[in-house]
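One file, work-v4.cif, carrying mmCIF, C-alpha atoms:
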```
data_upload
#
loop_
_atom_site.label_atom_id
_atom_site.label_comp_id
_atom_site.auth_asym_id
_atom_site.auth_seq_id
_atom_site.Cartn_x
_atom_site.Cartn_y
_atom_site.Cartn_z
CA MET A 2 48.98 35.29 -36.29
CA ALA A 3 47.81 37.54 -33.56
CA ARG A 4 45.32 36.07 -31.19
CA ARG A 5 41.88 37.45 -31.46
CA GLU A 6 40.31 38.81 -28.37
CA ASN A 7 38.33 36.14 -26.47
CA SER A 8 34.86 36.29 -27.89
CA GLU A 9 31.99 34.91 -25.80
CA ILE A 10 30.80 31.39 -26.46
CA ASN A 11 27.42 31.35 -28.04
CA ALA A 12 25.05 29.97 -25.41
CA GLY A 13 21.92 30.36 -27.46
CA SER A 14 21.38 26.61 -27.90
CA MET A 15 21.89 25.85 -24.23
CA ALA A 16 18.15 26.13 -23.70
CA ASP A 17 17.54 23.61 -26.48
CA ILE A 18 19.89 21.11 -24.87
CA ALA A 19 18.28 21.58 -21.50
CA PHE A 20 14.82 21.14 -23.01
CA LEU A 21 15.93 17.94 -24.67
CA LEU A 22 17.15 16.56 -21.35
CA LEU A 23 13.99 17.71 -19.63
CA ILE A 24 11.76 15.97 -22.12
CA PHE A 25 13.85 12.80 -21.88
CA PHE A 26 13.34 12.71 -18.11
CA LEU A 27 9.65 13.52 -18.40
CA VAL A 28 9.15 10.54 -20.67
CA THR A 29 11.28 7.93 -18.92
CA THR A 30 10.28 8.57 -15.33
CA THR A 31 7.10 8.22 -13.33
CA MET A 32 5.90 10.26 -10.45
CA ASP A 33 3.26 7.98 -8.96
CA VAL A 34 3.60 7.40 -5.26
CA ASP A 35 3.08 3.76 -4.55
CA SER A 36 0.53 3.36 -1.83
CA GLY A 37 -1.56 0.47 -0.73
CA ILE A 38 -3.04 -1.65 1.99
CA SER A 39 -0.13 -3.30 3.70
CA ARG A 40 -0.45 -6.68 5.30
CA LYS A 41 1.86 -9.08 7.01
CA LEU A 42 1.22 -12.65 5.95
CA SER A 43 1.15 -15.32 8.59
CA GLU A 44 4.15 -17.61 8.68
CA LYS A 45 3.92 -21.04 7.22
CA PRO A 46 2.87 -23.40 10.00
CA PRO A 47 5.20 -26.32 10.67
CA GLU A 48 4.04 -29.76 9.59
CA ASN A 49 1.57 -31.55 11.84
CA TYR A 50 0.79 -28.21 13.43
CA GLU A 51 -2.42 -28.26 15.35
CA PRO A 52 -4.06 -24.87 15.46
CA PRO A 53 -5.05 -23.75 18.94
CA VAL A 54 -8.71 -24.06 19.78
CA ILE A 55 -10.33 -20.64 19.67
CA LYS A 56 -13.72 -19.94 21.11
CA GLN A 57 -16.29 -19.35 18.44
CA LYS A 58 -17.39 -16.08 20.01
CA ASN A 59 -13.91 -14.62 19.55
CA ILE A 60 -14.02 -15.11 15.78
CA LEU A 61 -15.87 -12.85 13.40
CA GLU A 62 -16.46 -14.94 10.34
CA ILE A 63 -16.79 -13.12 7.04
CA ASN A 64 -17.55 -14.98 3.85
CA ILE A 65 -17.59 -13.52 0.36
CA ASN A 66 -19.04 -15.65 -2.38
CA ARG A 67 -18.28 -15.66 -6.09
CA ASN A 68 -21.04 -13.14 -6.76
CA ASP A 69 -19.39 -10.67 -4.39
CA GLU A 70 -22.07 -11.11 -1.76
CA LEU A 71 -21.20 -10.78 1.86
CA LEU A 72 -22.06 -13.17 4.69
CA VAL A 73 -21.10 -12.15 8.22
CA GLU A 74 -21.65 -14.69 11.02
CA ASP A 75 -24.03 -16.58 8.73
CA GLU A 76 -26.17 -13.56 7.96
CA ARG A 77 -26.30 -11.59 4.75
CA MET A 78 -24.97 -8.10 5.05
CA GLU A 79 -24.38 -5.05 2.91
CA ILE A 80 -20.87 -3.67 2.69
CA ALA A 81 -22.02 -0.40 4.26
CA ASP A 82 -22.86 -2.17 7.54
CA LEU A 83 -19.62 -4.11 7.77
CA LYS A 84 -17.60 -1.41 9.51
CA GLN A 85 -20.08 -0.92 12.35
CA THR A 86 -20.48 -4.68 12.84
CA THR A 87 -16.71 -5.05 13.05
CA ILE A 88 -16.45 -2.21 15.56
CA ASP A 89 -19.20 -3.75 17.70
CA PHE A 90 -17.43 -7.09 17.61
CA LEU A 91 -13.96 -5.77 18.45
CA ASP A 92 -15.12 -3.33 21.07
CA ASN A 93 -17.38 -5.75 22.93
CA GLY A 94 -15.02 -6.54 25.81
CA GLY A 95 -17.21 -9.25 27.33
CA GLY A 96 -14.49 -11.15 29.17
CA ILE A 97 -10.84 -10.99 30.07
CA GLY A 98 -7.92 -10.54 27.67
CA LYS A 99 -5.14 -12.97 26.96
CA THR A 100 -1.93 -13.12 28.94
CA VAL A 101 0.88 -11.19 27.27
CA GLU A 102 4.40 -12.12 28.45
CA GLY A 103 3.14 -13.48 31.73
CA VAL A 104 1.00 -10.45 32.53
CA PRO A 105 -2.75 -10.98 32.28
CA THR A 106 -4.40 -8.03 30.55
CA GLY A 107 -7.66 -8.49 32.46
CA ALA A 108 -10.96 -7.04 31.37
CA CYS A 109 -11.02 -4.37 28.68
CA ASP A 110 -11.49 -1.14 30.62
CA TYR A 111 -11.40 1.10 27.55
CA CYS A 112 -14.01 -0.75 25.52
CA ASN A 113 -17.39 0.87 24.98
CA GLY A 114 -19.15 -2.23 23.75
CA GLU A 115 -22.19 -4.07 25.05
CA LYS A 116 -20.08 -6.51 27.09
CA SER A 117 -22.27 -9.30 25.76
CA ASP A 118 -21.04 -12.83 26.43
CA LYS A 119 -21.88 -13.88 22.88
CA SER A 120 -19.28 -11.62 21.26
CA SER A 121 -15.54 -11.19 21.71
CA ASP A 122 -13.84 -11.25 25.12
CA HIS A 123 -11.19 -8.63 24.53
CA PRO A 124 -9.81 -6.77 21.50
CA ASN A 125 -6.55 -8.72 21.78
CA LYS A 126 -8.46 -11.99 21.54
CA ALA A 127 -10.81 -10.95 18.75
CA ILE A 128 -9.96 -12.57 15.44
CA ILE A 129 -11.45 -11.64 12.10
CA SER A 130 -11.47 -14.43 9.58
CA VAL A 131 -12.12 -13.59 5.94
CA GLN A 132 -12.95 -16.42 3.63
CA SER A 133 -13.48 -15.60 0.01
CA ASP A 134 -14.17 -17.69 -3.04
CA ARG A 135 -11.57 -18.14 -5.77
CA GLY A 136 -13.98 -16.34 -8.05
CA THR A 137 -14.50 -13.34 -5.80
CA SER A 138 -13.38 -10.14 -7.47
CA TYR A 139 -10.27 -8.47 -6.18
CA GLY A 140 -12.15 -5.17 -5.91
CA MET A 141 -14.64 -6.69 -3.47
CA TYR A 142 -11.86 -8.30 -1.46
CA ILE A 143 -10.01 -5.00 -1.12
CA THR A 144 -13.24 -3.23 -0.19
CA VAL A 145 -13.82 -5.67 2.64
CA GLN A 146 -10.22 -5.39 3.84
CA ASN A 147 -10.53 -1.63 3.70
CA GLU A 148 -13.69 -1.63 5.82
CA LEU A 149 -12.00 -3.85 8.40
CA LEU A 150 -8.98 -1.56 8.56
CA ALA A 151 -11.29 1.44 8.83
CA ALA A 152 -12.94 -0.16 11.86
CA TYR A 153 -9.56 -0.68 13.52
CA THR A 154 -8.51 2.87 12.71
CA GLU A 155 -11.68 4.31 14.20
CA LEU A 156 -11.22 2.35 17.42
CA ARG A 157 -7.54 3.28 17.64
CA ASN A 158 -8.36 6.93 17.05
CA ARG A 159 -10.87 6.85 19.85
CA TYR A 160 -8.47 5.05 22.18
CA ALA A 161 -5.67 7.53 21.46
CA LYS A 162 -7.93 10.52 22.01
CA THR A 163 -9.38 9.36 25.29
CA GLN A 164 -6.65 7.27 26.92
CA LEU A 165 -3.34 8.95 26.11
CA LYS A 166 -1.80 11.24 28.68
CA GLY A 167 1.09 13.65 28.73
CA GLN A 168 2.68 15.07 25.61
CA TYR A 169 0.40 13.32 23.15
CA ALA A 170 -2.89 13.69 25.03
CA GLY A 171 -5.89 14.42 22.86
CA MET A 172 -4.29 13.38 19.59
CA SER A 173 -5.82 10.76 17.36
CA TYR A 174 -3.96 7.73 16.05
CA ASP A 175 -3.86 9.26 12.58
CA ASP A 176 -2.17 12.37 13.99
CA LEU A 177 0.41 10.22 15.73
CA ILE A 178 1.17 8.34 12.53
CA LEU A 179 1.54 11.64 10.66
CA LEU A 180 3.92 12.89 13.34
CA SER A 181 6.02 9.76 13.21
CA GLY A 182 6.35 10.13 9.44
CA ASN A 183 8.25 13.38 10.00
CA ASP A 184 10.15 12.20 13.04
CA LYS A 185 11.22 8.63 12.54
CA GLU A 186 13.81 8.48 15.32
CA ASN A 187 11.48 9.52 18.11
CA LYS A 188 11.41 6.53 20.47
CA ALA A 189 8.80 7.95 22.84
CA LEU A 190 6.41 8.50 19.96
CA LYS A 191 7.00 4.99 18.69
CA ALA A 192 6.25 3.58 22.12
CA VAL A 193 2.99 5.53 22.25
CA ILE A 194 1.98 4.29 18.79
CA ASN A 195 2.75 0.71 19.78
CA LYS A 196 0.66 1.14 22.91
CA VAL A 197 -2.30 2.22 20.79
CA LYS A 198 -1.70 -0.62 18.36
CA ASP A 199 -1.57 -3.14 21.19
CA ALA A 200 -4.85 -1.87 22.58
CA TYR A 201 -6.56 -2.92 19.32
CA PRO A 202 -4.17 -5.32 17.60
CA GLN A 203 -5.02 -6.16 14.01
CA ILE A 204 -5.72 -9.85 13.82
CA ILE A 205 -7.15 -10.54 10.38
CA SER A 206 -6.73 -13.97 8.93
CA ASP A 207 -7.29 -15.02 5.36
CA ALA A 208 -8.79 -18.46 5.18
CA GLU A 209 -8.16 -20.77 2.25
CA PRO A 210 -10.61 -19.63 -0.45
CA THR A 211 -13.44 -21.95 -1.44
CA LYS A 212 -13.48 -23.33 -4.95
CA MET B 17 15.42 68.27 -34.04
CA SER B 18 17.55 65.34 -34.82
CA LYS B 19 17.40 64.28 -31.19
CA PHE B 20 13.63 63.91 -31.22
CA GLY B 21 13.17 62.83 -34.75
CA LYS B 22 14.86 59.47 -34.19
CA LYS B 23 12.44 56.62 -34.53
CA LYS B 24 12.96 53.35 -32.68
CA LYS B 25 13.58 50.41 -34.90
CA GLY B 26 10.88 47.92 -33.75
CA LEU B 27 10.92 46.21 -30.36
CA PRO B 28 14.21 45.07 -28.90
CA ALA B 29 14.55 41.27 -28.62
CA VAL B 30 13.54 39.74 -25.26
CA ASN B 31 16.57 38.69 -23.33
CA THR B 32 16.57 34.91 -23.23
CA ALA B 33 19.84 34.48 -21.41
CA ALA B 34 18.05 33.19 -18.30
CA LEU B 35 15.97 30.63 -20.21
CA PRO B 36 18.49 27.80 -19.84
CA ASP B 37 18.60 28.42 -16.11
CA ILE B 38 14.84 28.09 -15.85
CA VAL B 39 14.79 24.94 -17.92
CA PHE B 40 17.63 23.42 -15.92
CA MET B 41 15.74 24.17 -12.76
CA LEU B 42 12.72 22.29 -14.13
CA LEU B 43 14.98 19.48 -15.23
CA PHE B 44 16.50 19.07 -11.77
CA PHE B 45 13.07 19.20 -10.21
CA PHE B 46 11.86 16.31 -12.33
CA MET B 47 15.07 14.36 -11.89
CA VAL B 48 14.73 14.53 -8.13
CA THR B 49 11.00 13.93 -7.72
CA THR B 50 10.48 11.12 -10.18
CA THR B 51 11.71 7.58 -10.46
CA MET B 52 12.73 5.63 -13.51
CA ARG B 53 10.00 3.62 -15.14
CA GLU B 54 11.20 0.10 -14.63
CA THR B 55 8.98 -2.27 -16.50
CA ASP B 56 6.98 -2.25 -19.66
CA LEU B 57 3.58 -3.70 -19.10
CA VAL B 58 2.65 -6.77 -21.11
CA ILE B 59 -0.64 -6.94 -19.33
CA GLU B 60 -3.22 -4.24 -19.70
CA ALA B 61 -2.50 -1.44 -17.27
CA PRO B 62 -4.32 -2.63 -14.16
CA GLN B 63 -7.13 -0.51 -12.88
CA LEU B 64 -6.16 -0.42 -9.22
CA PRO B 65 -8.92 -0.68 -6.63
CA ASN B 66 -9.75 2.30 -4.48
CA ALA B 67 -9.33 2.36 -0.73
CA THR B 68 -9.35 4.89 2.04
CA GLU B 69 -7.02 3.26 4.56
CA VAL B 70 -3.89 3.45 2.45
CA LYS B 71 -0.30 3.56 3.58
CA LYS B 72 2.51 4.99 1.52
CA LEU B 73 5.19 2.56 0.51
CA GLU B 74 8.55 3.85 1.56
CA HIS B 75 12.00 2.86 0.35
CA LYS B 76 11.14 2.19 -3.25
CA SER B 77 14.29 0.17 -3.81
CA LEU B 78 13.06 -2.40 -1.31
CA VAL B 79 9.78 -2.96 -3.14
CA SER B 80 9.29 -5.74 -5.69
CA THR B 81 6.21 -5.40 -7.80
CA ILE B 82 3.98 -8.16 -9.12
CA TYR B 83 1.37 -7.19 -11.69
CA VAL B 84 -1.86 -9.10 -12.17
CA GLY B 85 -4.33 -8.50 -14.98
CA LYS B 86 -5.44 -9.52 -18.43
CA ALA B 87 -2.80 -9.97 -21.11
CA LYS B 88 -2.62 -7.35 -23.85
CA ASP B 89 -2.00 -10.03 -26.42
CA GLN B 90 -4.86 -12.37 -25.58
CA ALA B 91 -4.41 -14.42 -28.74
CA LYS B 92 -0.97 -15.46 -27.57
CA PHE B 93 -1.41 -15.75 -23.82
CA GLY B 94 -5.12 -16.52 -23.60
CA SER B 95 -7.70 -14.78 -21.51
CA GLY B 96 -7.90 -14.92 -17.75
CA ASP B 97 -5.69 -13.42 -15.09
CA LYS B 98 -2.01 -13.27 -15.93
CA ILE B 99 0.88 -12.55 -13.64
CA GLN B 100 3.66 -10.30 -14.86
CA LEU B 101 7.10 -10.49 -13.27
CA ASN B 102 9.78 -8.15 -14.61
CA ASP B 103 8.99 -7.87 -18.32
CA LYS B 104 7.39 -11.24 -18.89
CA ILE B 105 4.18 -13.03 -18.24
CA ALA B 106 4.90 -15.82 -15.79
CA THR B 107 3.16 -18.53 -13.83
CA VAL B 108 2.60 -18.61 -10.10
CA ASN B 109 5.52 -21.01 -9.68
CA ASP B 110 7.95 -18.36 -10.90
CA VAL B 111 7.04 -15.97 -8.09
CA ALA B 112 9.46 -17.59 -5.64
CA ASN B 113 12.40 -17.29 -8.04
CA PHE B 114 11.46 -13.70 -8.83
CA ILE B 115 11.50 -12.76 -5.15
CA TYR B 116 14.80 -14.59 -4.61
CA SER B 117 16.40 -12.70 -7.48
CA GLU B 118 15.09 -9.42 -6.05
CA GLN B 119 16.49 -10.34 -2.64
CA GLU B 120 19.89 -11.05 -4.11
CA LYS B 121 20.22 -7.42 -5.14
CA HIS B 122 20.13 -6.31 -1.52
CA ASN B 123 22.17 -6.74 1.62
CA PRO B 124 21.05 -9.61 3.83
CA GLU B 125 20.12 -7.23 6.61
CA GLU B 126 17.70 -5.39 4.34
CA ILE B 127 15.79 -8.51 3.31
CA PRO B 128 13.31 -8.54 6.22
CA TYR B 129 12.25 -5.02 5.21
CA MET B 130 11.54 -5.92 1.62
CA THR B 131 7.93 -5.56 0.58
CA THR B 132 6.07 -7.18 -2.26
CA SER B 133 3.59 -4.85 -3.89
CA ILE B 134 0.75 -6.58 -5.72
CA LYS B 135 -0.65 -4.35 -8.43
CA SER B 136 -3.77 -6.10 -9.49
CA ASP B 137 -6.75 -5.15 -11.57
CA VAL B 138 -10.07 -4.80 -9.71
CA LYS B 139 -11.56 -7.51 -11.89
CA ALA B 140 -8.91 -10.11 -11.13
CA SER B 141 -10.05 -13.02 -8.99
CA VAL B 142 -9.03 -13.59 -5.42
CA GLY B 143 -7.87 -17.11 -6.34
CA THR B 144 -4.93 -15.74 -8.32
CA ILE B 145 -3.99 -13.38 -5.51
CA HIS B 146 -4.22 -16.21 -3.02
CA ASP B 147 -1.90 -18.39 -5.09
CA ILE B 148 0.69 -15.60 -5.12
CA ARG B 149 0.24 -15.14 -1.39
CA MET B 150 0.86 -18.83 -0.75
CA GLU B 151 4.06 -18.70 -2.80
CA LEU B 152 5.24 -15.66 -0.86
CA ARG B 153 4.46 -17.38 2.41
CA ASP B 154 6.45 -20.46 1.39
CA ILE B 155 9.61 -18.40 0.90
CA ASN B 156 9.00 -16.25 3.96
CA ALA B 157 8.50 -12.97 2.11
CA LEU B 158 5.74 -11.91 4.44
CA LYS B 159 5.42 -8.19 3.88
CA VAL B 160 2.78 -7.57 1.26
CA SER B 161 1.11 -4.42 0.05
CA TYR B 162 -2.03 -4.51 -2.06
CA SER B 163 -1.53 -1.50 -4.27
CA THR B 164 -4.53 0.81 -4.25
CA ARG B 165 -5.41 4.36 -5.00
CA LYS B 166 -7.07 6.70 -2.60
CA GLY B 167 -10.67 7.11 -3.57
CA ASP B 168 -14.27 6.07 -3.45
CA LEU B 169 -14.96 2.44 -2.63
CA ALA B 170 -18.03 2.24 -4.83
CA ASN B 171 -15.84 2.14 -7.92
CA ASN B 172 -14.43 -1.23 -6.87
CA LEU B 173 -17.63 -3.10 -7.49
CA LYS B 174 -18.59 -1.88 -10.92
#
```
Let me see the structure of the file written as structure tokens.
Amino acid sequence: MARRENSEINAGSMADIAFLLLIFFLVTTTMDVDSGISRKLSEKPPENYEPPVIKQKNILEININRNDELLVEDERMEIADLKQTTIDFLDNGGGIGKTVEGVPTGACDYCNGEKSDKSSDHPNKAIISVQSDRGTSYGMYITVQNELLAAYTELRNRYAKTQLKGQYAGMSYDDLILLSGNDKENKALKAVINKVKDAYPQIISDAEPTK
Amino acid sequence: MSKFGKKKKGLPAVNTAALPDIVFMLLFFFMVTTTMRETDLVIEAPQLPNATEVKKLEHKSLVSTIYVGKAKDQAKFGSGDKIQLNDKIATVNDVANFIYSEQEKHNPEEIPYMTTSIKSDVKASVGTIHDIRMELRDINALKVSYSTRKGDLANNLK
């Protein structure tokens, strides 16, 4: 039998096949970008560990009760005021900082606070302690954490804008973080970010919740 | 006369030869930008709290997710906050084993970079979250991310 001339393959149902695959992937996959408030938990202390004595003025005590009410340094407070209170506490700079790797950091020369001797000595000594109740709602807890982080971010932004020199002068901390997202290998940028972070290190501790 | 008298027979069919190409393009787009849905929820889909200071979680393969919320089947599991690990409702004591099994899937050098994402409903209680946190601390899985959406804080307290 003589061979017929090669006729073209009918590709009319190709689109149907592709649609089928497309719909399969639409159904089985998700597109949500996972984002959240990231935290590093403190390590488990060894047994018989005695916590170092910390001056009361260097601790900002925040309590949240089971009715989602806020108590800051034994005074009732609304959530809207928490950020400013935190900033005032962190930025006080009333004394000298702690000694990092043998080098004393001295007084905080970039702080704009009141320099009162009743509030924190230095941002690197200032500790925020959050104690919630077991019945506190998760939404309230996250709101408080968010306000605390917002306070840190505002201070870091200000520090970056006013204190940085050279290539990154005038940029805020947020800008630096954005830049580093696109350029992960840049060591100089990383060093600058760490410098800003060290100026206002995040020291937030979660106390054992009350029952 | 015959040249002009011809009438066209209706509209010609639209050429659909390029349709598969378009659909394939869409298909590849979705294949690249999305990730496989890993778990079926046995708890009610948690309403995540809103926050403004959010960080994106990178390296999805290094993230283990713990869900907290109310069970869908409350007659079987009871009311109150439930913890979902993989496809099952579990107790707090199972968290350590869950994290260990997640760690086993990765190279030892990647383990310090592994993050635990807690996807919890706004109405869950802090006690449950704290219990999970204590378990994570005991096994030295210290990187935690409280999963939130970007948005208005006022919605958290309703």
Could you list, as a list in words, every residue matched by the PyMOL selection byres ((chain B and resi 58) around 10) in this structure?
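With the PyMOL selection byres ((chain B and resi 58) around 10) on this model, the match is Thr55, Asp56, Leu57, Ile59, Glu60, Ala61, Tyr83, Gly85, Lys86, Ala87, Lys88, Asp89, Lys98, Ile99, Gln100, Leu101, Asn102, Asp103, Lys104 and Ile105 of chain B.
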Distance criterion (only C-alpha atoms): nearest to chain B out of A:Asp175, A:Glu115, A:Asp82, A:Asp134
A:Asp134
For Ser161 of chain B, work out the shell of residues within 9 Å, counting only C-alpha atoms and skipping chain neighbours fewer than 6 positions away, then give it as a PyMOL selection string.
(chain A and resi 36-41) or (chain B and resi 71+73+131-135)
Residues of chain A near chain B: apply a cut-off of 6 Å, count only C-alpha atoms, and supply the list as JSON, numbers by chain.
{"A": [15, 16, 19, 23, 29, 30, 31, 32, 35, 36, 37, 38, 39, 40, 41, 42, 135, 136, 137, 138, 139, 140]}
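Between atom CA of Leu165 of chain A and atom CA of Leu180 of chain A the interatomic distance comes to 15.2 Å.
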For this file, the PyMOL selection byres ((chain A and resi 109) around 12) selects which residues, as an NGL selection string?
:A and (91-99 or 105-108 or 110-116 or 121-127 or 160 or 200-201)
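Taking atom CA of Leu27 of chain B and atom CA of Ile10 of chain A as endpoints, the distance between them is 25.1 Å.
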Please enumerate the residues selected by the PyMOL selection byres ((chain B and resi 110) around 10) when evaluated against the supplied file, formatted as a list in words.
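So the PyMOL selection byres ((chain B and resi 110) around 10) ends up selecting Ile99, Gln100, Leu101, Ile105, Ala106, Thr107, Val108, Asn109, Val111, Ala112, Asn113, Phe114, Ile115, Ile148 and Glu151 of chain B.
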Can you pull out the residues contacting Glu118 of chain B? Cut-off 10 Å, using all atoms listed in the file, and skip same-chain residues under 6 positions away; I want them as a list in words.
Ser77, Leu78, Val79, Ser80, Thr81, Ala112, Ile127 and Met130 of chain B
One-decimal distance in Å that lies between atom CA of Ser130 of chain A and atom CA of Asn64 of chain A:
8.4 Å
Taking into account all atoms listed in the file, which residue in the set A:Val197, A:Gln132, A:Lys212, A:Asn147 is nearest to Lys162 of chain A?
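Of all the options, A:Val197 lies closest to Lys162 of chain A.
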Would you list the contacts of Thr87 of chain A as a compact mmCIF listing (two decimals) with C-alpha atoms, keeping the file's coordinate frame, taking every protein, DNA or RNA residue within 8 Å and counting all atoms listed in the file, but skipping same-chain residues closer than 5 positions in sequence?
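And here is the file that came out, part34.txt:
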```
# COMPACT_ATOMS: atom_id res chain seq x y z
CA LEU A 61 -15.87 -12.85 13.40
CA LEU A 149 -12.00 -3.85 8.40
CA ALA A 152 -12.94 -0.16 11.86
```
Got a sec to check which residues sit within 8 Å of (-21.3, -12.4, 8.6), counting all atoms listed in the file, and write them as a compact mmCIF listing (two decimals) with C-alpha atoms, keeping the file's coordinate frame?
```txt
# COMPACT_ATOMS: atom_id res chain seq x y z
CA LEU A 61 -15.87 -12.85 13.40
CA GLU A 62 -16.46 -14.94 10.34
CA ILE A 63 -16.79 -13.12 7.04
CA ASN A 64 -17.55 -14.98 3.85
CA LEU A 71 -21.20 -10.78 1.86
CA LEU A 72 -22.06 -13.17 4.69
CA VAL A 73 -21.10 -12.15 8.22
CA GLU A 74 -21.65 -14.69 11.02
CA ASP A 75 -24.03 -16.58 8.73
CA GLU A 76 -26.17 -13.56 7.96
CA ARG A 77 -26.30 -11.59 4.75
CA MET A 78 -24.97 -8.10 5.05
```
